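Chemist: What follows is coords22.pdb, made up of PDB, C-alpha atoms, pLDDT in the B column:
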```pdb
ATOM      1  CA  SER A   1       5.410  -5.590  15.662  1.00 65.00           C
ATOM      2  CA  GLY A   2       2.357  -7.235  14.092  1.00 70.00           C
ATOM      3  CA  ILE A   3       1.060  -8.196  17.530  1.00 75.00           C
ATOM      4  CA  ASN A   4       1.550  -4.648  18.829  1.00 74.00           C
ATOM      5  CA  ALA A   5      -0.277  -3.268  15.818  1.00 78.00           C
ATOM      6  CA  GLU A   6      -3.163  -5.733  16.022  1.00 81.00           C
ATOM      7  CA  TYR A   7      -3.778  -5.162  19.716  1.00 75.00           C
ATOM      8  CA  GLY A   8      -3.626  -1.455  19.013  1.00 80.00           C
ATOM      9  CA  GLY A   9      -6.515  -1.869  16.569  1.00 86.00           C
ATOM     10  CA  VAL A  10      -4.392  -1.506  13.424  1.00 87.00           C
ATOM     11  CA  PRO A  11      -5.350  -3.699  10.438  1.00 90.00           C
ATOM     12  CA  THR A  12      -2.287  -5.849   9.891  1.00 90.00           C
ATOM     13  CA  THR A  13      -0.764  -9.089   8.703  1.00 89.00           C
ATOM     14  CA  ARG A  14       0.698 -11.455  11.292  1.00 89.00           C
ATOM     15  CA  ALA A  15       3.935 -13.436  11.410  1.00 88.00           C
ATOM     16  CA  GLY A  16       3.248 -17.168  11.104  1.00 90.00           C
ATOM     17  CA  SER A  17       6.768 -18.538  11.459  1.00 92.00           C
ATOM     18  CA  CYS A  18      10.420 -17.507  11.655  1.00 91.00           C
ATOM     19  CA  VAL A  19      13.175 -19.678  10.154  1.00 95.00           C
ATOM     20  CA  VAL A  20      16.806 -18.838  10.998  1.00 95.00           C
ATOM     21  CA  SER A  21      19.749 -20.166   8.973  1.00 94.00           C
ATOM     22  CA  THR A  22      23.379 -20.659   9.969  1.00 92.00           C
ATOM     23  CA  ASP A  23      24.361 -18.682   6.862  1.00 95.00           C
ATOM     24  CA  THR A  24      25.051 -15.001   7.382  1.00 95.00           C
ATOM     25  CA  VAL A  25      24.617 -11.849   5.335  1.00 92.00           C
ATOM     26  CA  VAL A  26      26.072  -8.374   5.803  1.00 93.00           C
ATOM     27  CA  ARG A  27      23.368  -5.936   6.909  1.00 85.00           C
ATOM     28  CA  ASP A  28      23.427  -2.362   8.122  1.00 80.00           C
ATOM     29  CA  VAL A  29      20.767  -3.116  10.722  1.00 72.00           C
ATOM     30  CA  LEU A  30      20.341   0.420  12.035  1.00 69.00           C
ATOM     31  CA  TYR A  31      21.125   2.076   8.682  1.00 68.00           C
ATOM     32  CA  ASP A  32      23.849   4.064  10.421  1.00 75.00           C
ATOM     33  CA  GLY A  33      26.888   3.015   8.398  1.00 82.00           C
ATOM     34  CA  HIS A  34      27.923   0.149  10.697  1.00 87.00           C
ATOM     35  CA  PRO A  35      27.171  -3.124   8.845  1.00 90.00           C
ATOM     36  CA  ILE A  36      27.428  -6.439  10.669  1.00 92.00           C
ATOM     37  CA  ASN A  37      27.027 -10.113   9.817  1.00 93.00           C
ATOM     38  CA  GLU A  38      23.515 -11.331  10.606  1.00 91.00           C
ATOM     39  CA  LYS A  39      22.007 -14.782  10.309  1.00 92.00           C
ATOM     40  CA  CYS A  40      19.754 -15.165   7.285  1.00 93.00           C
ATOM     41  CA  THR A  41      16.150 -15.262   8.413  1.00 90.00           C
ATOM     42  CA  VAL A  42      12.841 -15.831   6.650  1.00 90.00           C
ATOM     43  CA  ILE A  43       9.600 -14.665   8.246  1.00 88.00           C
ATOM     44  CA  LEU A  44       6.367 -16.111   6.890  1.00 90.00           C
ATOM     45  CA  ARG A  45       3.590 -13.530   7.067  1.00 90.00           C
ATOM     46  CA  ILE A  46      -0.101 -14.447   6.970  1.00 91.00           C
ATOM     47  CA  ALA A  47      -2.743 -12.325   5.255  1.00 92.00           C
ATOM     48  CA  PRO A  48      -5.938 -12.746   3.220  1.00 93.00           C
ATOM     49  CA  THR A  49      -3.946 -11.540   0.214  1.00 95.00           C
ATOM     50  CA  PHE A  50      -0.684  -9.884  -0.709  1.00 94.00           C
ATOM     51  CA  ILE A  51      -2.076  -8.111  -3.749  1.00 95.00           C
ATOM     52  CA  ARG A  52      -0.710  -4.584  -3.581  1.00 93.00           C
ATOM     53  CA  PHE A  53      -1.227  -1.298  -5.371  1.00 92.00           C
ATOM     54  CA  GLY A  54       1.985  -2.127  -7.188  1.00 89.00           C
ATOM     55  CA  SER A  55       0.414  -5.305  -8.554  1.00 93.00           C
ATOM     56  CA  PHE A  56      -1.568  -3.077 -10.920  1.00 90.00           C
ATOM     57  CA  GLU A  57       1.374  -0.925 -11.980  1.00 86.00           C
ATOM     58  CA  ILE A  58       2.702  -3.613 -14.297  1.00 88.00           C
ATOM     59  CA  PHE A  59      -0.178  -2.689 -16.620  1.00 86.00           C
ATOM     60  CA  LYS A  60       0.716   1.024 -16.845  1.00 81.00           C
ATOM     61  CA  THR A  61       1.355   2.218 -20.370  1.00 78.00           C
ATOM     62  CA  ILE A  62       3.944   4.748 -19.179  1.00 75.00           C
ATOM     63  CA  ASP A  63       5.166   6.142 -15.858  1.00 74.00           C
ATOM     64  CA  ARG A  64       5.202   9.925 -15.732  1.00 73.00           C
ATOM     65  CA  MET A  65       8.298  10.042 -13.524  1.00 74.00           C
ATOM     66  CA  THR A  66      10.443   7.318 -15.082  1.00 78.00           C
ATOM     67  CA  SER A  67       9.015   7.256 -18.631  1.00 81.00           C
ATOM     68  CA  ARG A  68       8.998   3.472 -18.360  1.00 82.00           C
ATOM     69  CA  VAL A  69       6.133   1.171 -19.282  1.00 84.00           C
ATOM     70  CA  GLY A  70       4.855  -1.690 -17.164  1.00 83.00           C
ATOM     71  CA  SER A  71       6.036  -5.210 -17.887  1.00 86.00           C
ATOM     72  CA  SER A  72       2.464  -6.228 -18.790  1.00 87.00           C
ATOM     73  CA  ALA A  73       1.341  -3.005 -20.454  1.00 82.00           C
ATOM     74  CA  GLY A  74      -1.474  -3.631 -22.892  1.00 80.00           C
ATOM     75  CA  LYS A  75      -2.277  -7.114 -21.565  1.00 86.00           C
ATOM     76  CA  THR A  76      -5.871  -6.305 -20.790  1.00 83.00           C
ATOM     77  CA  GLU A  77      -6.994  -9.889 -20.321  1.00 87.00           C
ATOM     78  CA  ILE A  78      -4.575 -10.369 -17.420  1.00 89.00           C
ATOM     79  CA  LEU A  79      -5.690  -7.068 -15.883  1.00 88.00           C
ATOM     80  CA  LYS A  80      -9.326  -8.147 -16.164  1.00 88.00           C
ATOM     81  CA  GLN A  81      -8.533 -11.408 -14.404  1.00 92.00           C
ATOM     82  CA  LEU A  82      -6.794  -9.559 -11.560  1.00 93.00           C
ATOM     83  CA  LEU A  83      -9.597  -7.018 -11.199  1.00 91.00           C
ATOM     84  CA  ARG A  84     -12.301  -9.664 -11.302  1.00 93.00           C
ATOM     85  CA  TYR A  85     -10.488 -11.827  -8.731  1.00 95.00           C
ATOM     86  CA  THR A  86      -9.934  -8.836  -6.422  1.00 95.00           C
ATOM     87  CA  LYS A  87     -13.588  -7.806  -6.610  1.00 94.00           C
ATOM     88  CA  THR A  88     -15.006 -11.313  -6.226  1.00 95.00           C
ATOM     89  CA  ARG A  89     -12.710 -12.390  -3.417  1.00 96.00           C
ATOM     90  CA  PHE A  90     -12.325  -9.211  -1.366  1.00 96.00           C
ATOM     91  CA  TYR A  91     -15.154  -6.878  -2.380  1.00 96.00           C
ATOM     92  CA  PRO A  92     -18.070  -9.267  -2.971  1.00 95.00           C
ATOM     93  CA  ASP A  93     -20.705  -6.727  -1.887  1.00 95.00           C
ATOM     94  CA  ILE A  94     -19.966  -4.518  -4.872  1.00 93.00           C
ATOM     95  CA  THR A  95     -22.444  -5.249  -7.630  1.00 91.00           C
ATOM     96  CA  GLY A  96     -21.805  -5.161 -11.353  1.00 90.00           C
ATOM     97  CA  ASP A  97     -18.998  -6.473 -13.527  1.00 88.00           C
ATOM     98  CA  ILE A  98     -15.495  -5.056 -13.800  1.00 86.00           C
ATOM     99  CA  GLU A  99     -16.232  -4.283 -17.452  1.00 83.00           C
ATOM    100  CA  GLU A 100     -18.484  -1.482 -16.126  1.00 85.00           C
ATOM    101  CA  GLU A 101     -16.834   1.783 -15.120  1.00 83.00           C
ATOM    102  CA  ASP A 102     -19.158   2.362 -12.142  1.00 86.00           C
ATOM    103  CA  THR A 103     -18.089  -0.974 -10.677  1.00 88.00           C
ATOM    104  CA  ILE A 104     -14.385  -0.146 -10.934  1.00 87.00           C
ATOM    105  CA  VAL A 105     -14.904   3.331  -9.471  1.00 86.00           C
ATOM    106  CA  THR A 106     -16.940   1.924  -6.567  1.00 89.00           C
ATOM    107  CA  MET A 107     -14.264  -0.642  -5.771  1.00 91.00           C
ATOM    108  CA  TYR A 108     -11.566   2.003  -6.031  1.00 89.00           C
ATOM    109  CA  ARG A 109     -13.422   4.224  -3.570  1.00 88.00           C
ATOM    110  CA  GLU A 110     -13.750   1.349  -1.116  1.00 92.00           C
ATOM    111  CA  ILE A 111     -10.013   0.676  -1.389  1.00 92.00           C
ATOM    112  CA  MET A 112      -9.384   4.360  -0.654  1.00 88.00           C
ATOM    113  CA  GLU A 113     -11.628   4.221   2.414  1.00 89.00           C
ATOM    114  CA  ARG A 114      -9.687   1.280   3.805  1.00 91.00           C
ATOM    115  CA  THR A 115      -6.389   2.967   3.027  1.00 89.00           C
ATOM    116  CA  ALA A 116      -7.457   6.186   4.762  1.00 87.00           C
ATOM    117  CA  LEU A 117      -8.535   4.274   7.853  1.00 89.00           C
ATOM    118  CA  LEU A 118      -5.255   2.359   7.856  1.00 89.00           C
ATOM    119  CA  ALA A 119      -3.209   5.588   7.822  1.00 85.00           C
ATOM    120  CA  ALA A 120      -5.380   6.968  10.612  1.00 85.00           C
ATOM    121  CA  HIS A 121      -4.847   3.825  12.699  1.00 87.00           C
ATOM    122  CA  TRP A 122      -1.089   4.131  12.218  1.00 84.00           C
ATOM    123  CA  GLN A 123      -1.167   7.577  13.735  1.00 80.00           C
ATOM    124  CA  THR A 124      -3.357   6.618  16.684  1.00 81.00           C
ATOM    125  CA  VAL A 125      -0.643   4.225  17.915  1.00 80.00           C
ATOM    126  CA  GLY A 126       2.338   6.329  16.817  1.00 78.00           C
ATOM    127  CA  PHE A 127       3.399   3.945  14.063  1.00 79.00           C
ATOM    128  CA  CYS A 128       5.829   5.307  11.460  1.00 76.00           C
ATOM    129  CA  HIS A 129       6.052   3.291   8.251  1.00 75.00           C
ATOM    130  CA  GLY A 130       9.551   3.358   6.817  1.00 71.00           C
ATOM    131  CA  VAL A 131       8.862   2.296   3.215  1.00 74.00           C
ATOM    132  CA  LEU A 132       5.635   3.817   1.953  1.00 77.00           C
ATOM    133  CA  ASN A 133       5.486   2.894  -1.704  1.00 80.00           C
ATOM    134  CA  THR A 134       3.003   1.127  -3.935  1.00 83.00           C
ATOM    135  CA  ASP A 135       4.708  -2.220  -3.328  1.00 86.00           C
ATOM    136  CA  ASN A 136       3.845  -1.954   0.375  1.00 86.00           C
ATOM    137  CA  MET A 137       0.260  -0.711   0.107  1.00 89.00           C
ATOM    138  CA  SER A 138      -2.268  -3.521   0.479  1.00 93.00           C
ATOM    139  CA  ILE A 139      -5.296  -3.639  -1.793  1.00 94.00           C
ATOM    140  CA  VAL A 140      -7.400  -4.583   1.273  1.00 95.00           C
ATOM    141  CA  GLY A 141      -6.031  -1.976   3.691  1.00 93.00           C
ATOM    142  CA  LEU A 142      -3.581  -4.004   5.784  1.00 93.00           C
ATOM    143  CA  THR A 143      -0.125  -3.233   7.134  1.00 89.00           C
ATOM    144  CA  ILE A 144       1.986  -5.706   5.144  1.00 86.00           C
ATOM    145  CA  ASP A 145       5.526  -4.400   5.615  1.00 78.00           C
ATOM    146  CA  TYR A 146       7.488  -3.974   8.842  1.00 76.00           C
ATOM    147  CA  GLY A 147      10.964  -3.173   7.668  1.00 70.00           C
ATOM    148  CA  PRO A 148      11.943  -0.529   8.442  1.00 70.00           C
ATOM    149  CA  TYR A 149       9.389   0.948  10.830  1.00 73.00           C
ATOM    150  CA  GLY A 150       9.219   2.633  14.213  1.00 72.00           C
ATOM    151  CA  PHE A 151       6.858   3.474  17.077  1.00 73.00           C
ATOM    152  CA  MET A 152       6.879   6.844  18.812  1.00 72.00           C
ATOM    153  CA  GLU A 153       8.425   6.854  22.269  1.00 72.00           C
ATOM    154  CA  THR A 154       7.181  10.421  22.709  1.00 70.00           C
ATOM    155  CA  PHE A 155       4.839  12.472  20.544  1.00 70.00           C
ATOM    156  CA  ASP A 156       6.820  13.627  17.528  1.00 65.00           C
ATOM    157  CA  LEU A 157       5.202  14.155  14.125  1.00 62.00           C
ATOM    158  CA  ALA A 158       8.663  14.616  12.606  1.00 63.00           C
ATOM    159  CA  LEU A 159       9.705  11.073  13.593  1.00 61.00           C
ATOM    160  CA  PHE A 160      11.663   9.122  10.974  1.00 57.00           C
ATOM    161  CA  ALA A 161      11.699   5.333  11.263  1.00 55.00           C
ATOM    162  CA  THR A 162      15.333   5.020  10.096  1.00 54.00           C
ATOM    163  CA  ALA A 163      18.044   6.819   8.200  1.00 48.00           C
ATOM    164  CA  VAL A 164      16.620   5.290   5.015  1.00 47.00           C
ATOM    165  CA  THR A 165      13.272   6.826   5.895  1.00 46.00           C
ATOM    166  CA  ARG A 166      14.956  10.175   6.484  1.00 48.00           C
ATOM    167  CA  ALA A 167      16.555  10.038   3.044  1.00 43.00           C
ATOM    168  CA  ALA A 168      13.137   9.425   1.525  1.00 44.00           C
ATOM    169  CA  ASP A 169      11.551  12.014   3.869  1.00 44.00           C
ATOM    170  CA  ILE A 170       8.891   9.546   5.023  1.00 51.00           C
ATOM    171  CA  ARG A 171       7.994  10.845   8.437  1.00 49.00           C
ATOM    172  CA  THR A 172       4.991  10.260  10.649  1.00 49.00           C
ATOM    173  CA  LYS A 173       3.176  13.448   9.737  1.00 51.00           C
ATOM    174  CA  ARG A 174       3.389  12.551   6.047  1.00 58.00           C
ATOM    175  CA  SER A 175       1.658   9.177   6.386  1.00 63.00           C
ATOM    176  CA  GLN A 176      -1.666  10.523   5.136  1.00 66.00           C
ATOM    177  CA  ARG A 177      -0.078  12.406   2.257  1.00 68.00           C
ATOM    178  CA  SER A 178       1.954   9.376   1.226  1.00 73.00           C
ATOM    179  CA  ALA A 179      -1.087   7.076   1.406  1.00 75.00           C
ATOM    180  CA  SER A 180      -3.041   9.592  -0.657  1.00 75.00           C
ATOM    181  CA  GLY A 181      -0.263   9.741  -3.255  1.00 75.00           C
ATOM    182  CA  MET A 182      -0.138   5.948  -3.508  1.00 78.00           C
ATOM    183  CA  SER A 183      -3.906   5.935  -3.919  1.00 81.00           C
ATOM    184  CA  ARG A 184      -3.727   8.349  -6.824  1.00 79.00           C
ATOM    185  CA  ASN A 185      -1.092   6.136  -8.433  1.00 80.00           C
ATOM    186  CA  LEU A 186      -3.531   3.239  -8.237  1.00 85.00           C
ATOM    187  CA  GLY A 187      -6.237   5.422  -9.737  1.00 81.00           C
ATOM    188  CA  ARG A 188      -4.010   6.256 -12.698  1.00 77.00           C
ATOM    189  CA  CYS A 189      -3.384   2.541 -13.227  1.00 79.00           C
ATOM    190  CA  LEU A 190      -7.132   1.933 -13.402  1.00 78.00           C
ATOM    191  CA  LEU A 191      -7.911   5.050 -15.429  1.00 70.00           C
ATOM    192  CA  TRP A 192      -6.961   3.663 -18.821  1.00 62.00           C
ATOM    193  CA  TRP A 193      -9.343   0.743 -18.245  1.00 64.00           C
ATOM    194  CA  SER A 194     -12.174   3.247 -17.800  1.00 63.00           C
ATOM    195  CA  PRO A 195     -14.284   3.561 -20.967  1.00 57.00           C
ATOM    196  CA  SER A 196     -14.765   7.318 -20.426  1.00 59.00           C
ATOM    197  CA  ARG A 197     -11.156   8.013 -19.346  1.00 56.00           C
ATOM    198  CA  ASN A 198     -12.675  10.367 -16.736  1.00 58.00           C
ATOM    199  CA  LEU A 199      -9.676  11.344 -14.603  1.00 51.00           C
ATOM    200  CA  THR A 200     -11.833  13.136 -12.001  1.00 58.00           C
ATOM    201  CA  ARG A 201     -13.643   9.937 -11.055  1.00 58.00           C
ATOM    202  CA  PHE A 202     -10.337   8.289 -10.226  1.00 56.00           C
ATOM    203  CA  SER A 203      -8.405  11.235  -8.769  1.00 55.00           C
ATOM    204  CA  SER A 204     -11.030  12.654  -6.418  1.00 54.00           C
ATOM    205  CA  PRO A 205     -11.193   9.586  -4.124  1.00 48.00           C
ATOM    206  CA  GLY A 206      -7.399   9.641  -3.908  1.00 45.00           C
ATOM    207  CA  ARG A 207      -7.419  13.248  -2.740  1.00 52.00           C
ATOM    208  CA  ARG A 208     -10.157  12.488  -0.223  1.00 52.00           C
ATOM    209  CA  CYS A 209      -8.069   9.654   1.157  1.00 49.00           C
ATOM    210  CA  SER A 210      -5.738  12.140   2.845  1.00 47.00           C
ATOM    211  CA  ARG A 211      -8.594  14.196   4.283  1.00 51.00           C
ATOM    212  CA  ARG A 212     -10.468  11.132   5.535  1.00 50.00           C
ATOM    213  CA  SER A 213      -7.390   9.698   7.253  1.00 47.00           C
ATOM    214  CA  THR A 214      -6.836  13.026   9.033  1.00 49.00           C
ATOM    215  CA  ALA A 215     -10.494  13.230  10.085  1.00 48.00           C
ATOM    216  CA  HIS A 216     -10.469   9.725  11.554  1.00 50.00           C
TER     217      HIS A 216
END
```
Before we go any further, please render this structure as C-alpha cells.
Modeler:
Amino acid sequence: SGINAEYGGVPTTRAGSCVVSTDTVVRDVLYDGHPINEKCTVILRIAPTFIRFGSFEIFKTIDRMTSRVGSSAGKTEILKQLLRYTKTRFYPDITGDIEEEDTIVTMYREIMERTALLAAHWQTVGFCHGVLNTDNMSIVGLTIDYGPYGFMETFDLALFATAVTRAADIRTKRSQRSASGMSRNLGRCLLWWSPSRNLTRFSSPGRRCSRRSTAH
C-alpha cells in the first residue's frame, strides 16, 4: 500500500519490516461479521516523525463533544517543548519563537497546506482512508495509517473502505471535509496558547484546507 501510494505521488510512510508470530489472534479481517484466527504480525513503519494532530490534544482544557480534558491539560512547559521541537525539526524555515503568536499561526498554516495537498493526492489515486481521525493525521502531511483503507477499482466518490468506515461515514468524497475538520481540531488545541485568543486566526486556515484540497 505504501509503495502504491508513493509511486502515485502521495506523501506517505513506508513499511521497513514485517515480523510474523506463531501466536494467533481473532480478527474480523473484512469487517463483515466473519472473524478468523490470524497470525500476530508487527509492521515497522518508517517516517521522519509520528507526531500527529492528536499529539496536541492531550493539552486541551476541555473537549466540546466529550466534555473531557486532556491528560496533560495545563502543562504548558511540555506543550512548549513539543511545539519548539516540531518547528525546529520540521519547519525550520519559519522564523520567530513559538512564544510569538505569529510564529504559531504561520506554522499552523503550513501544516494546513500540507494536509490539504495530502487529501488532494489521496483523491488523485482513488485512495480512501478508513480511519480519518486526529490520531492518524500527520503533523508533516504524510499518510501514516493503512488500516483500514481502500483504492477505487472504478470511479466512485461514495466508496467506503470497509464496513467500519461505513459506520463512521468516512467515504472518499468526504476526505477533504474530514481533513479540514481535523485541522480545525488542531487549531483549537493551539488556540489557548495564543496570547490574543483570536479564534479567526486559527479557524480560517482550517476552513481553507478543504477548499485548497479540492482545488488541487
Chemist: For region 73-81 of chain A, list every protein, DNA or RNA residue within 12 Å, evaluated using only C-alpha atoms, and leave out those in the same chain fewer than 5 positions away; present the list as a list of chain:residue names.
Modeler: A:Ser55, A:Phe56, A:Glu57, A:Ile58, A:Phe59, A:Lys60, A:Thr61, A:Ile62, A:Asp63, A:Arg68, A:Thr86, A:Lys87, A:Thr88, A:Arg89, A:Asp97, A:Ile98, A:Glu99, A:Glu100, A:Ile104, A:Cys189, A:Leu190, A:Trp192, A:Trp193, A:Ser194
Chemist: Might you spell out which residues the PyMOL selection byres ((chain A and resi 50) around 8) would select in the displayed file, as a PyMOL selection string?
Modeler: chain A and resi 47-49+51-52+138-139+144
Chemist: Report, in Å with one decimal, the straight-line distance from CA of Tyr108 (chain A) to CA of Met65 (chain A).
Modeler: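 Atom-to-atom, CA of Tyr108 (chain A) and CA of Met65 (chain A) are spaced 22.7 Å apart.
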Chemist: Just the number, please: distance in Å from CA of Val10 (chain A) to CA of Leu118 (chain A), one decimal.
Modeler: 6.8 Å
Chemist: For the file shown, report as a PyMOL selection string the outcome of the PyMOL selection byres ((chain A and resi 5) around 12) at residue level.
Modeler: chain A and resi 1-4+6-15+118+121-129+142-146+149-151
Chemist: Missing atoms in region 3-13 of chain A should be modelled up to all heavy atoms and reported as a PDB file, keeping the file's coordinate frame.
Modeler:
```pdb
ATOM      1  N   ILE A   3       1.891  -8.015  16.340  1.00 75.00           N
ATOM      2  CA  ILE A   3       1.060  -8.196  17.530  1.00 75.00           C
ATOM      3  C   ILE A   3       0.748  -6.845  18.154  1.00 75.00           C
ATOM      4  O   ILE A   3      -0.400  -6.562  18.535  1.00 75.00           O
ATOM      5  CB  ILE A   3       1.768  -9.113  18.550  1.00 75.00           C
ATOM      6  CG1 ILE A   3       1.896 -10.526  17.984  1.00 75.00           C
ATOM      7  CG2 ILE A   3       1.003  -9.137  19.872  1.00 75.00           C
ATOM      8  CD1 ILE A   3       2.674 -11.476  18.877  1.00 75.00           C
ATOM      9  N   ASN A   4       1.767  -5.980  18.271  1.00 74.00           N
ATOM     10  CA  ASN A   4       1.550  -4.648  18.829  1.00 74.00           C
ATOM     11  C   ASN A   4       0.518  -3.890  18.013  1.00 74.00           C
ATOM     12  O   ASN A   4      -0.362  -3.224  18.567  1.00 74.00           O
ATOM     13  CB  ASN A   4       2.866  -3.866  18.843  1.00 74.00           C
ATOM     14  CG  ASN A   4       3.847  -4.399  19.857  1.00 74.00           C
ATOM     15  OD1 ASN A   4       3.465  -5.066  20.815  1.00 74.00           O
ATOM     16  ND2 ASN A   4       5.127  -4.113  19.656  1.00 74.00           N
ATOM     17  N   ALA A   5       0.646  -3.980  16.691  1.00 78.00           N
ATOM     18  CA  ALA A   5      -0.277  -3.268  15.818  1.00 78.00           C
ATOM     19  C   ALA A   5      -1.695  -3.818  15.960  1.00 78.00           C
ATOM     20  O   ALA A   5      -2.659  -3.053  16.086  1.00 78.00           O
ATOM     21  CB  ALA A   5       0.192  -3.370  14.367  1.00 78.00           C
ATOM     22  N   GLU A   6      -1.828  -5.139  15.953  1.00 81.00           N
ATOM     23  CA  GLU A   6      -3.163  -5.733  16.022  1.00 81.00           C
ATOM     24  C   GLU A   6      -3.868  -5.380  17.328  1.00 81.00           C
ATOM     25  O   GLU A   6      -5.047  -5.025  17.331  1.00 81.00           O
ATOM     26  CB  GLU A   6      -3.082  -7.249  15.876  1.00 81.00           C
ATOM     27  CG  GLU A   6      -4.454  -7.912  15.913  1.00 81.00           C
ATOM     28  CD  GLU A   6      -4.412  -9.385  15.538  1.00 81.00           C
ATOM     29  OE1 GLU A   6      -3.305  -9.924  15.354  1.00 81.00           O
ATOM     30  OE2 GLU A   6      -5.489  -9.985  15.447  1.00 81.00           O
ATOM     31  N   TYR A   7      -3.150  -5.480  18.436  1.00 75.00           N
ATOM     32  CA  TYR A   7      -3.778  -5.162  19.716  1.00 75.00           C
ATOM     33  C   TYR A   7      -3.985  -3.667  19.898  1.00 75.00           C
ATOM     34  O   TYR A   7      -4.706  -3.248  20.800  1.00 75.00           O
ATOM     35  CB  TYR A   7      -2.961  -5.747  20.867  1.00 75.00           C
ATOM     36  CG  TYR A   7      -3.219  -7.225  21.052  1.00 75.00           C
ATOM     37  CD1 TYR A   7      -2.402  -8.174  20.424  1.00 75.00           C
ATOM     38  CD2 TYR A   7      -4.293  -7.676  21.803  1.00 75.00           C
ATOM     39  CE1 TYR A   7      -2.645  -9.536  20.557  1.00 75.00           C
ATOM     40  CE2 TYR A   7      -4.547  -9.037  21.940  1.00 75.00           C
ATOM     41  CZ  TYR A   7      -3.718  -9.955  21.318  1.00 75.00           C
ATOM     42  OH  TYR A   7      -3.977 -11.299  21.452  1.00 75.00           O
ATOM     43  N   GLY A   8      -3.360  -2.886  19.030  1.00 80.00           N
ATOM     44  CA  GLY A   8      -3.626  -1.455  19.013  1.00 80.00           C
ATOM     45  C   GLY A   8      -4.752  -1.090  18.073  1.00 80.00           C
ATOM     46  O   GLY A   8      -5.062   0.077  17.896  1.00 80.00           O
ATOM     47  N   GLY A   9      -5.386  -2.097  17.463  1.00 86.00           N
ATOM     48  CA  GLY A   9      -6.515  -1.869  16.569  1.00 86.00           C
ATOM     49  C   GLY A   9      -6.131  -1.569  15.138  1.00 86.00           C
ATOM     50  O   GLY A   9      -6.964  -1.144  14.340  1.00 86.00           O
ATOM     51  N   VAL A  10      -4.870  -1.801  14.778  1.00 87.00           N
ATOM     52  CA  VAL A  10      -4.392  -1.506  13.424  1.00 87.00           C
ATOM     53  C   VAL A  10      -4.588  -2.732  12.529  1.00 87.00           C
ATOM     54  O   VAL A  10      -4.133  -3.819  12.877  1.00 87.00           O
ATOM     55  CB  VAL A  10      -2.902  -1.119  13.437  1.00 87.00           C
ATOM     56  CG1 VAL A  10      -2.407  -0.836  12.023  1.00 87.00           C
ATOM     57  CG2 VAL A  10      -2.665   0.083  14.334  1.00 87.00           C
ATOM     58  N   PRO A  11      -5.243  -2.578  11.377  1.00 90.00           N
ATOM     59  CA  PRO A  11      -5.350  -3.699  10.438  1.00 90.00           C
ATOM     60  C   PRO A  11      -3.962  -4.141   9.995  1.00 90.00           C
ATOM     61  O   PRO A  11      -3.171  -3.324   9.504  1.00 90.00           O
ATOM     62  CB  PRO A  11      -6.148  -3.106   9.257  1.00 90.00           C
ATOM     63  CG  PRO A  11      -6.872  -1.931   9.845  1.00 90.00           C
ATOM     64  CD  PRO A  11      -5.947  -1.374  10.891  1.00 90.00           C
ATOM     65  N   THR A  12      -3.648  -5.410  10.158  1.00 90.00           N
ATOM     66  CA  THR A  12      -2.287  -5.849   9.891  1.00 90.00           C
ATOM     67  C   THR A  12      -2.209  -7.317   9.522  1.00 90.00           C
ATOM     68  O   THR A  12      -3.122  -8.095   9.804  1.00 90.00           O
ATOM     69  CB  THR A  12      -1.396  -5.603  11.136  1.00 90.00           C
ATOM     70  OG1 THR A  12      -0.047  -6.005  10.849  1.00 90.00           O
ATOM     71  CG2 THR A  12      -1.896  -6.395  12.332  1.00 90.00           C
ATOM     72  N   THR A  13      -1.100  -7.680   8.885  1.00 89.00           N
ATOM     73  CA  THR A  13      -0.764  -9.089   8.703  1.00 89.00           C
ATOM     74  C   THR A  13      -0.138  -9.577  10.004  1.00 89.00           C
ATOM     75  O   THR A  13       0.172  -8.796  10.898  1.00 89.00           O
ATOM     76  CB  THR A  13       0.261  -9.251   7.563  1.00 89.00           C
ATOM     77  OG1 THR A  13       1.418  -8.459   7.870  1.00 89.00           O
ATOM     78  CG2 THR A  13      -0.317  -8.792   6.248  1.00 89.00           C
TER      79      THR A  13
END
```
